[in-house]
Structures are given as structure tokens and as C-alpha cells.
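Undergrad: Here you go, one structure.
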Amino acid sequence: MNNNFMRLEYDKILNILGGYCKTYKGRELVKKLLPSFKFDEVDLLLKETNEATNIILKNGGLPLYEIKDISVWLKFLNSNEPLTISALIDLNNVLKTAHSLKRYYNDNKDGDSILKEYFFNLYANLDIEKKFSDCIINEDTISDTASKKLCTIRKNKTATSLKIKDTLNHFIHSNTYSKYLMESLITIRNNRYVIPVKSEYKGMIKGFTHDISASGSTIFIEPLQVFELNNTLNTLVLEENIEIDNILRNLSLLFRDYMTQLRNNVELIGKLDFIFAKAKLGIDTNSSCPILNKEKFLDLNQARHPLLPNEKVVPIDFNIGKDFTSLIITGPNTGGKTVSLKTIGLLCLMAYSGLLIPVKEKSSLCVFDNIFADIGDEQSIQESLSTFSSHIVNIVSICEKATSNSLILVDELGSGTDPIEGSHLALSILEYFYNLGAITVSTSHFTELKNYALVTQGFKNASFEFDIENLKPTYKLLLGIPGKSNALAISAKLGLSDSIIKRASNMLTSDSIHIEDLLKSIYDTKQDIEKEKDNISKNSNQIELLRKSLENERKEFSITKNDIIEKNKLEARNILLKAKENANAIIHSINDIADKTSLKEVNKLRNDLNLKIDEMSKTDEKNSSQSVYIEKDHIQTGMTVFINSLGQKGTILSLPNKSNEVCLEVGNMKIYRNINDLSEVLGAPQKNLRNTNVSNVIKKDLKSKNLPTQLNVIGLTVDEALPIIDKYLDDCAISKVEFGKIVHGNGTGRLRTAIHSHLKKHPQVRSFRVGTFGEGEMGVTIVEIKK
């Protein structure tokens, strides 16, 4: 493996990834995994892993288990010899696994898929799977159903064995022969059933001797009576083995026709195992898919080193390539400089290998043509190279191979030699990389490099924050701030003499002492301003969203309100016109039966009625505007009010309930409205509309025409329902209706019980009963009205 990758600990990531694979083929692919430095290839690899991640999160892991290496069996299939049961099981497992994977994908596929082709190209053969399961039970057993001949042979074997055992049991339990036996049992020698006979009685039982015990006291004899049966049994065993060979040969031939498909299945199963292993690693490390860019910059938010425990690692925000291409990280040892270099390089290598990386979503990186790293102490005793020399050897190699599209990571550049020469050499090397156009991140302790980055375009300082009070680093990366060694402060905390500390401090120039503190102060102020800016931006966005939401609601309410008003105006106008027609029809009827004196009065009454109706139709809109807010204490039944949301008037039938709602009569409808939706109509008579000057004859006829066939009080409370029922019964009595129908529903039965109790005492009720089948049964009460 490339030494640059080893320095970044890429091999450790591969070892972890291999543990997520379930098949040997998947693990082989992990061992061969190398980063790609081509944009299109990296893009495809990341999309594959990201899709696999989504599939796992939505549907669970793949139905995938270990498969055996079948390459040997595939070569053996070319011969005419049958495969063993074990080999056939391995081949069948490949088919079964392919079938399970295809079914998993088909059950869970959702739209276009990058992984579709992998699943689609898997080969499944249900016929072979069924034949296999019909023939083979396990590695040691062929099923009786494998063939009719095998089934017959095994039945004959069983029958023959029983005959042999029955015959030998005669010897064991016989009074004549049992005394000659060493034990009362049947055993097998040389694949033939025998009985153990005492050596001194070997002539008492005629037969063939097959074995003698070690002590010589027992002779295993096959009696003549079972000789032919044993021959028959052995013949059947031979026939069984021959038939099993035929069965295995036929199964082998089945698989031989699909050698290419089986070989392809192994590759595809390994590939899917490999891709989904990458996805599971990403899930376990809480990683995300980075956005690839072609502008040659890195923007990693909340980046974490994947080999450090989540509870210990401190995420860093890192960006380079937009405003600057060379970053110099300075500060004390053990502050996190080297880890940050490894984090940047390793995350890039992981992404180029199709692995999700532990960063916040929407982090972005480009695809370099190579990543070079000179990290760690590589002193070589064998090659007589010092630390400085080994670093320079690496730098020489980087200079020879790096291009304008390379990422270069250098740890402690120029260290290991004279500080003055080392710092100037480091500056020269960094200038070379900058002029080359490469992206460079280096760490150093040299003050000259800090100062150079402060005044040179394309360069930028960075450092890791250090907690002086507790003498430990915070591992928080500060871009734009050069690091302090904090040597004097740390030495003082550890107890070094004040005089020594003071002397060392006096040797430093005031500029070198205060410039870093000044930059840190500027950075802190900038951070506070950025936070405040973010808060203002968030609040501004929320206010804008709220404003748009309220504007949309206002528009929707205005449209809905206008539609309701127009609709109800039209309905009210139609009601008035219909009432006018009904009134004229009634008066015409009265004209036919009235005398001349009464005819004039009736005509006058008709004209007055028409005039009132016309006035109501013309002044309805005018009256609606002549209304004021109504106080709760002023509300009384029979009061005429204006319903703001409907744009028309109604009559109050009940006082406000607990929800501040009242029951209103609007035309022939009864509705509920909150008192906040009501306005008092100025100048309107505060009494029930039925107390008009229309004669009782006209009033009764109008009610009989407009009276509803039933009263629905479902959903009302007892207090709300009873006043409405009283009015309904009064209307029925006035209109000479014989029966009324009250719909109250089943529910808990409380409303029905209260209504029945009320009806028992009502002056207009002769009798009442619950509904029968077809009338609504227990949910309806039929009331007979007194005449």
C-alpha cells in the first residue's frame, strides 16, 4: 500500500471495514480497496454507498450470510464425476442467496436506483432450488424422495433388516441357544448382522465366524439362518449407493449448465456485501455523504477523526482553497496539530474510496489527483537517516510528483535541524508548493512561518486553543490565529522559578509577545459578531416566514369570507322570493273564499306583506352594517342579531353555553355561533320573528310549508337541545302537524333519557315512542302532537 496512505492510517480503516463484511468475497474486495482520484468514479462510489445507507435505514440490512468459495467445485463440474453433497450444498447456497437478495430488492425498491443493476444481474433458479431440497436433507443424508428407486431400495432394506433381527432374536431369547451367548444382543461385523457366542460353544451354533474378541472369549458368528438375508441386505446397500451416485450426478449436471451464472453470482454477492458494509460503517460512525466540488476547495464542518472514540474526539471546522491555498498550523505539542492533518487526509481518502465520512451534512470536498503526506518521525537506523534527513527525502519525492491539483500535508516542516536554517527552508518549500498551485496544510513551531502567513497573500495561520489554567489543549481549531507555544505560561504553572520566567520574558521583544494576543482578541470579537449576525439572520428569517404565513392566511380568510357572504346573500334572496310567492298563493286562496268586505282587508294585507318583503330584500345589506358588538349580559332569547361571518341576520334561540356559543335560527336552519361573531342590530325588534302582524291563517300555512320533517339535535347538550325541541313542538302544534320526529342519536343515552323526561311533561305532547326499524330505532323519538 502507498506509504502516504499508511501515514494517514488508511489501512486501519480497511481493517475496520472488513469486519462489516459477511462474505469472503466482500472481505477480498476490502483488501483490494484503493482510493480513486477521478471525479466521476468517486461520485459513483459515494452514490452507491449513500443509496445502500438509505436502504438499510428504511428496510433493514441485506439477507446475506457467508457463502463458500465454489471456484474448486466449478472446475470439478467439467468432469463427469458427481460432486459431493457438501459441494452441492455450497453451490445451492449461492443460488439461494441470490434469490433472497433479488426478493429483498424487489420488495423494497423505490424509484430509480444506482444499485438496481447489481440486484437485477443476480441469477436465481427456483426449479434447481426445489429439486435440491427434494433430494438433500443435510450434508450426510439424501432424502427418500430423491427418486422412486431409492425409496423402494430403502423400504426393502428396512424390511430385510427387520427379518434378520427377528431371526437373531430367536437365538437370543431361545432356551436352547441363549446359554451359549456371551451377551443377549445383536451386533454388526463386516457389514453383516452377527451374535456374540462364547468361544467354548462355537460349535453349538452353525454359521460363519466374522470376528473374535481381543481376549478370545467371544466369537461373533453369523448363523446360517440369516446368511442369505445378510447377502440380500448388502446387495441392497450397494444398490442404494449406486442410486445415490446417480442422484448426485444428476444434480451436478443441473448446476454444470449454470457455471457462468454461479460464478457471476459470487462476484455480485461479494460486491453488494462490500457496498453495504461501507454503508453500515457509515451508519455506526454517524457519517454523511460529502458534496463533491470541482472548484478545488475543502469545506469540512464538524469533522471528526474516524479512529478516535466519539465521546473523546473534538470536531473541527476546516476550510481551504477559496481565499487561501496554504495553511500553517502552529501551537504547542499535543495540541492536535498532527491529528488535524491526519483527519483531513484520511477523510479525503475515505471519500475517494466511496466511504461516508464523519462530518456534518453539506460538507464539501474536491477530488485531488493525489494526496501526499509527510507525517511522523521516520528516522531510519538501517539507512543511517536522521529525522531531518528522512523528512527531506519525503519532501523531495513530493516535489517530484505533486501537481497543481494535489493535496500536500506536512508535519513539522523544517524541524530537526538549526531553527534559523530550518525556518527559511520551510518557507522556501511552502512557497514552491504555493507557486505550483497545490493545496498545502503544514504544522510548525517557527515564528517566521507565522509572520510570513500574516503578510503573504494565499497563506493563512491557524492554531489550536490551549487552556492555560488547566494546562491542557481544548483541540478547538482557530483559523486565522497563529498559535502560541505558551512555554513561559506552562513553565510557570509547573513551578519554574519566577526569576527565570521573568528573565526569559525580558528577552522577548514586545511585538512578539503581544501580536498573538492581539490577533486572538480580534478573532474572539469576530466570533461574537458572527454569532450575533447568525442570531439576527435567524430571527429575520423567522419574522419573514411569519409575515408571509399571516399574509397567506389573511388572503385565504378574505376569499373564504367573501365566498360565504355572497353565497348566503344569494340563499337569503331566494328564501325571500320563495316566501313572497308562498304568501301570494295563500292570499289568492283566501280571496276565493272570502266575502267582499274581507277581500279588501286581505288585499291590503297582501300588499303590506309584499312591501315588507321588498323592503327586507333591499335593506338587508344596509342593516348588516348598522350593527354593534353585543355584550354577553345583554343576550336574550328572541333577540335579532347580525352574524358577521355569514353576513346575515338570525334569531337567538338559547343563552350562551360554557363555550360562549348560542343557538341561532337563520331562515329554516339552526346553527351555533360564538358570541364574538355576533353584532346587535340597531333598531331591530328584540322579540321572536313569529310575533308578526300576519294573520294566524297565513302564519299557520307558512309554517306548515316550511316546517322541517324532523329535528336533529345530535351533538347538542341537554341544556342546548331542550329549548330547540320546545320551539319545534310549538311549531308542530301551530301547523296542525300530527307527528314530529326528534333525531338525537344513540351515544351514551343521556340525551335521549333527558328528552323523554321532558316530553312526559310537555303540554303539546299526547304520546311518544322510540323509532322502529327503518325509522332510526333507538336514535329517534316519534312524538304525537295534541290537536
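Ordering of the C-alpha cells sets the chain letters (A, B, ...), residue numbers begin anew at 1 in every chain, and ligands are numbered from 1 in the order given.
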Report as a ChimeraX atom specification: the residues of segment 12-187 of chain A with a DSSP assignment of alpha helix (DSSP H), based on the backbone of this structure.
TA: /A:12-18,24-31,39-59,71-76,85-108,116-120,126-135,148-173
Undergrad: Per residue of segment 278-345 of chain A within 12 Å of segment 453-463 of chain A, which atom pair is closest and at what distance in Å (one decimal), using only C-alpha atoms, listed by chain and increasing number, as JSON lines?
TA:
{"residue": "A:Ile316", "atom": "CA", "partner": "A:Ser463", "partner_atom": "CA", "distance": 11.4}
{"residue": "A:Asp317", "atom": "CA", "partner": "A:Ala462", "partner_atom": "CA", "distance": 11.4}
{"residue": "A:Phe318", "atom": "CA", "partner": "A:Ala462", "partner_atom": "CA", "distance": 10.0}
{"residue": "A:Asn319", "atom": "CA", "partner": "A:Lys460", "partner_atom": "CA", "distance": 11.0}
{"residue": "A:Ile320", "atom": "CA", "partner": "A:Lys460", "partner_atom": "CA", "distance": 9.2}
{"residue": "A:Gly321", "atom": "CA", "partner": "A:Gly458", "partner_atom": "CA", "distance": 9.0}
{"residue": "A:Lys322", "atom": "CA", "partner": "A:Gly458", "partner_atom": "CA", "distance": 9.4}
{"residue": "A:Asp323", "atom": "CA", "partner": "A:Gly458", "partner_atom": "CA", "distance": 6.8}
{"residue": "A:Phe324", "atom": "CA", "partner": "A:Gly458", "partner_atom": "CA", "distance": 4.2}
{"residue": "A:Thr325", "atom": "CA", "partner": "A:Gly458", "partner_atom": "CA", "distance": 5.6}
{"residue": "A:Ser326", "atom": "CA", "partner": "A:Phe459", "partner_atom": "CA", "distance": 4.8}
{"residue": "A:Leu327", "atom": "CA", "partner": "A:Lys460", "partner_atom": "CA", "distance": 5.0}
{"residue": "A:Ile328", "atom": "CA", "partner": "A:Asn461", "partner_atom": "CA", "distance": 5.0}
{"residue": "A:Ile329", "atom": "CA", "partner": "A:Ala462", "partner_atom": "CA", "distance": 4.6}
{"residue": "A:Thr330", "atom": "CA", "partner": "A:Ser463", "partner_atom": "CA", "distance": 5.2}
{"residue": "A:Gly331", "atom": "CA", "partner": "A:Ser463", "partner_atom": "CA", "distance": 5.7}
{"residue": "A:Pro332", "atom": "CA", "partner": "A:Ser463", "partner_atom": "CA", "distance": 9.0}
{"residue": "A:Asn333", "atom": "CA", "partner": "A:Ser463", "partner_atom": "CA", "distance": 11.2}
{"residue": "A:Gly335", "atom": "CA", "partner": "A:Ser463", "partner_atom": "CA", "distance": 8.7}
{"residue": "A:Gly336", "atom": "CA", "partner": "A:Ser463", "partner_atom": "CA", "distance": 9.0}
{"residue": "A:Lys337", "atom": "CA", "partner": "A:Ser463", "partner_atom": "CA", "distance": 7.8}
{"residue": "A:Thr338", "atom": "CA", "partner": "A:Ser463", "partner_atom": "CA", "distance": 11.5}
{"residue": "A:Ser340", "atom": "CA", "partner": "A:Ser463", "partner_atom": "CA", "distance": 10.5}
Undergrad: Might you pull out every residue within 12 Å of Asp719 of chain A, with only C-alpha atoms counted and same-chain residues fewer than 3 positions away left off, and present them as a list in words?
TA: Leu653, Ser654, Leu655, Pro656, Asn657, Lys658, Val662, Cys663, Val713, Gly715, Leu716, Leu722, Pro723, Ile724, Ile725, Asp726, Arg750, Leu751, Ala754, Ile755 and His758 of chain A
Undergrad: Within 12 Å of Ile244 of chain A, counting only C-alpha atoms, which residues qualify if same-chain residues fewer than 3 places away don't, as an MDAnalysis selection string?
TA: chainID A and resid 82:85 135:136 140:151 153:154 237:241 247:251
Undergrad: Looking only at the backbone, which of the residues in segment 323-370 of chain A does DSSP tag as strand (DSSP E or B), as a list in words?
TA: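 Everything in segment 323-370 of chain A that counts as strand (DSSP E or B) is Ser326, Leu327, Ile328, Ile329, Thr330, Ile357, Ser364, Leu365, Cys366 and Asn370 of chain A.
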Undergrad: Need to verify the contact set: Ser178 of chain A, 10 Å, only C-alpha atoms, exclusion of same-chain residues closer than 6 positions in sequence. Can you return it as a PyMOL selection string?
TA: chain A and resi 169-172+184+197
Undergrad: Taking only C-alpha atoms into account, which of A:Val718, A:Leu46, A:Ile221, A:Leu759 comes nearest Met350 of chain A?
TA: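 Of A:Val718, A:Leu46, A:Ile221, A:Leu759, the one nearest Met350 of chain A, counting only C-alpha atoms, is A:Leu46.
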Undergrad: Within 8 Å of Gln764 of chain A, counting only C-alpha atoms, which residues qualify if same-chain residues fewer than 3 places away don't, as a list of chain:residue names?
TA: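 Listing them by chain and then by number gives A:Leu729, A:Asp730, A:Ala733, A:Ile785, A:Lys786.
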Undergrad: Residues of segment 271-361 of chain A within 10 Å of segment 22-27 of chain A: nearest atom pair and distance (Å, one decimal) for each, counting only C-alpha atoms, sorted by chain and number, as a tab-separated table?
TA:
residue	atom	partner	partner_atom	distance
A:Lys271	CA	A:Gly26	CA	6.3
A:Leu272	CA	A:Gly26	CA	7.8
A:Asp273	CA	A:Gly26	CA	5.4
A:Phe274	CA	A:Gly26	CA	4.7
A:Ile275	CA	A:Gly26	CA	8.5
A:Phe276	CA	A:Gly26	CA	9.6
A:Ala277	CA	A:Lys22	CA	8.3
Undergrad: Restrict the calculation to only C-alpha atoms, then for each residue of segment 69-161 of chain A with any atom at most 8 Å from an atom of segment 256-262 of chain A give the closest atom pair and their distance in Å to one decimal, rows by chain and rising residue number, as a Markdown table.
TA:
| residue | atom | partner | partner_atom | distance |
| --- | --- | --- | --- | --- |
| A:Leu74 | CA | A:Met259 | CA | 6.4 |
| A:Leu77 | CA | A:Arg256 | CA | 5.7 |
| A:Asn78 | CA | A:Arg256 | CA | 7.3 |
| A:Leu91 | CA | A:Leu262 | CA | 7.6 |
| A:Val94 | CA | A:Leu262 | CA | 7.0 |
| A:Leu95 | CA | A:Leu262 | CA | 7.3 |
| A:Leu122 | CA | A:Gln261 | CA | 7.9 |
| A:Tyr123 | CA | A:Gln261 | CA | 6.1 |
Undergrad: Excluding Lys202 of chain A and residues on its chain fewer than 6 positions from it, collect all residues at most 10 Å away from it, counting only C-alpha atoms, and give them as a CSV table (one decimal) with N, CA and C atoms, in the first residue's frame.
TA:
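So selection-v3.csv came out as:
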chain,number,residue,atom,x,y,z
A,180,TYR,N,-25.6,-70.2,25.2
A,180,TYR,CA,-24.3,-70.2,24.5
A,180,TYR,C,-23.8,-68.8,24.2
A,181,LEU,N,-24.6,-67.8,24.5
A,181,LEU,CA,-24.3,-66.4,24.1
A,181,LEU,C,-23.5,-65.7,25.2
A,196,PRO,N,-22.9,-62.5,19.5
A,196,PRO,CA,-21.7,-62.9,20.3
A,196,PRO,C,-21.8,-64.3,21.0
A,209,THR,N,-17.9,-67.5,11.1
A,209,THR,CA,-17.3,-66.6,12.1
A,209,THR,C,-16.7,-65.4,11.4
A,218,THR,N,-14.9,-64.4,23.1
A,218,THR,CA,-16.1,-64.2,22.4
A,218,THR,C,-15.9,-64.4,20.9
A,219,ILE,N,-16.8,-65.1,20.2
A,219,ILE,CA,-16.7,-65.3,18.8
A,219,ILE,C,-18.0,-64.7,18.2
A,220,PHE,N,-17.9,-63.9,17.2
A,220,PHE,CA,-19.0,-63.2,16.5
A,220,PHE,C,-19.4,-64.1,15.3
A,221,ILE,N,-20.6,-64.8,15.4
A,221,ILE,CA,-21.0,-65.8,14.4
A,221,ILE,C,-22.2,-65.2,13.7
Undergrad: Mind pulling up the distance from atom CA of Phe642 of chain A to atom CA of Glu680 of chain A?
TA: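 About the pair atom CA of Glu680 of chain A and atom CA of Phe642 of chain A: they are 6.2 Å apart.
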Undergrad: Please indicate the distance in Å from atom CA of Cys348 of chain A to atom CA of Ile398 of chain A, rounded to one decimal place.
TA: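 According to the coordinates, atom CA of Cys348 of chain A and atom CA of Ile398 of chain A are separated by 17.8 Å.
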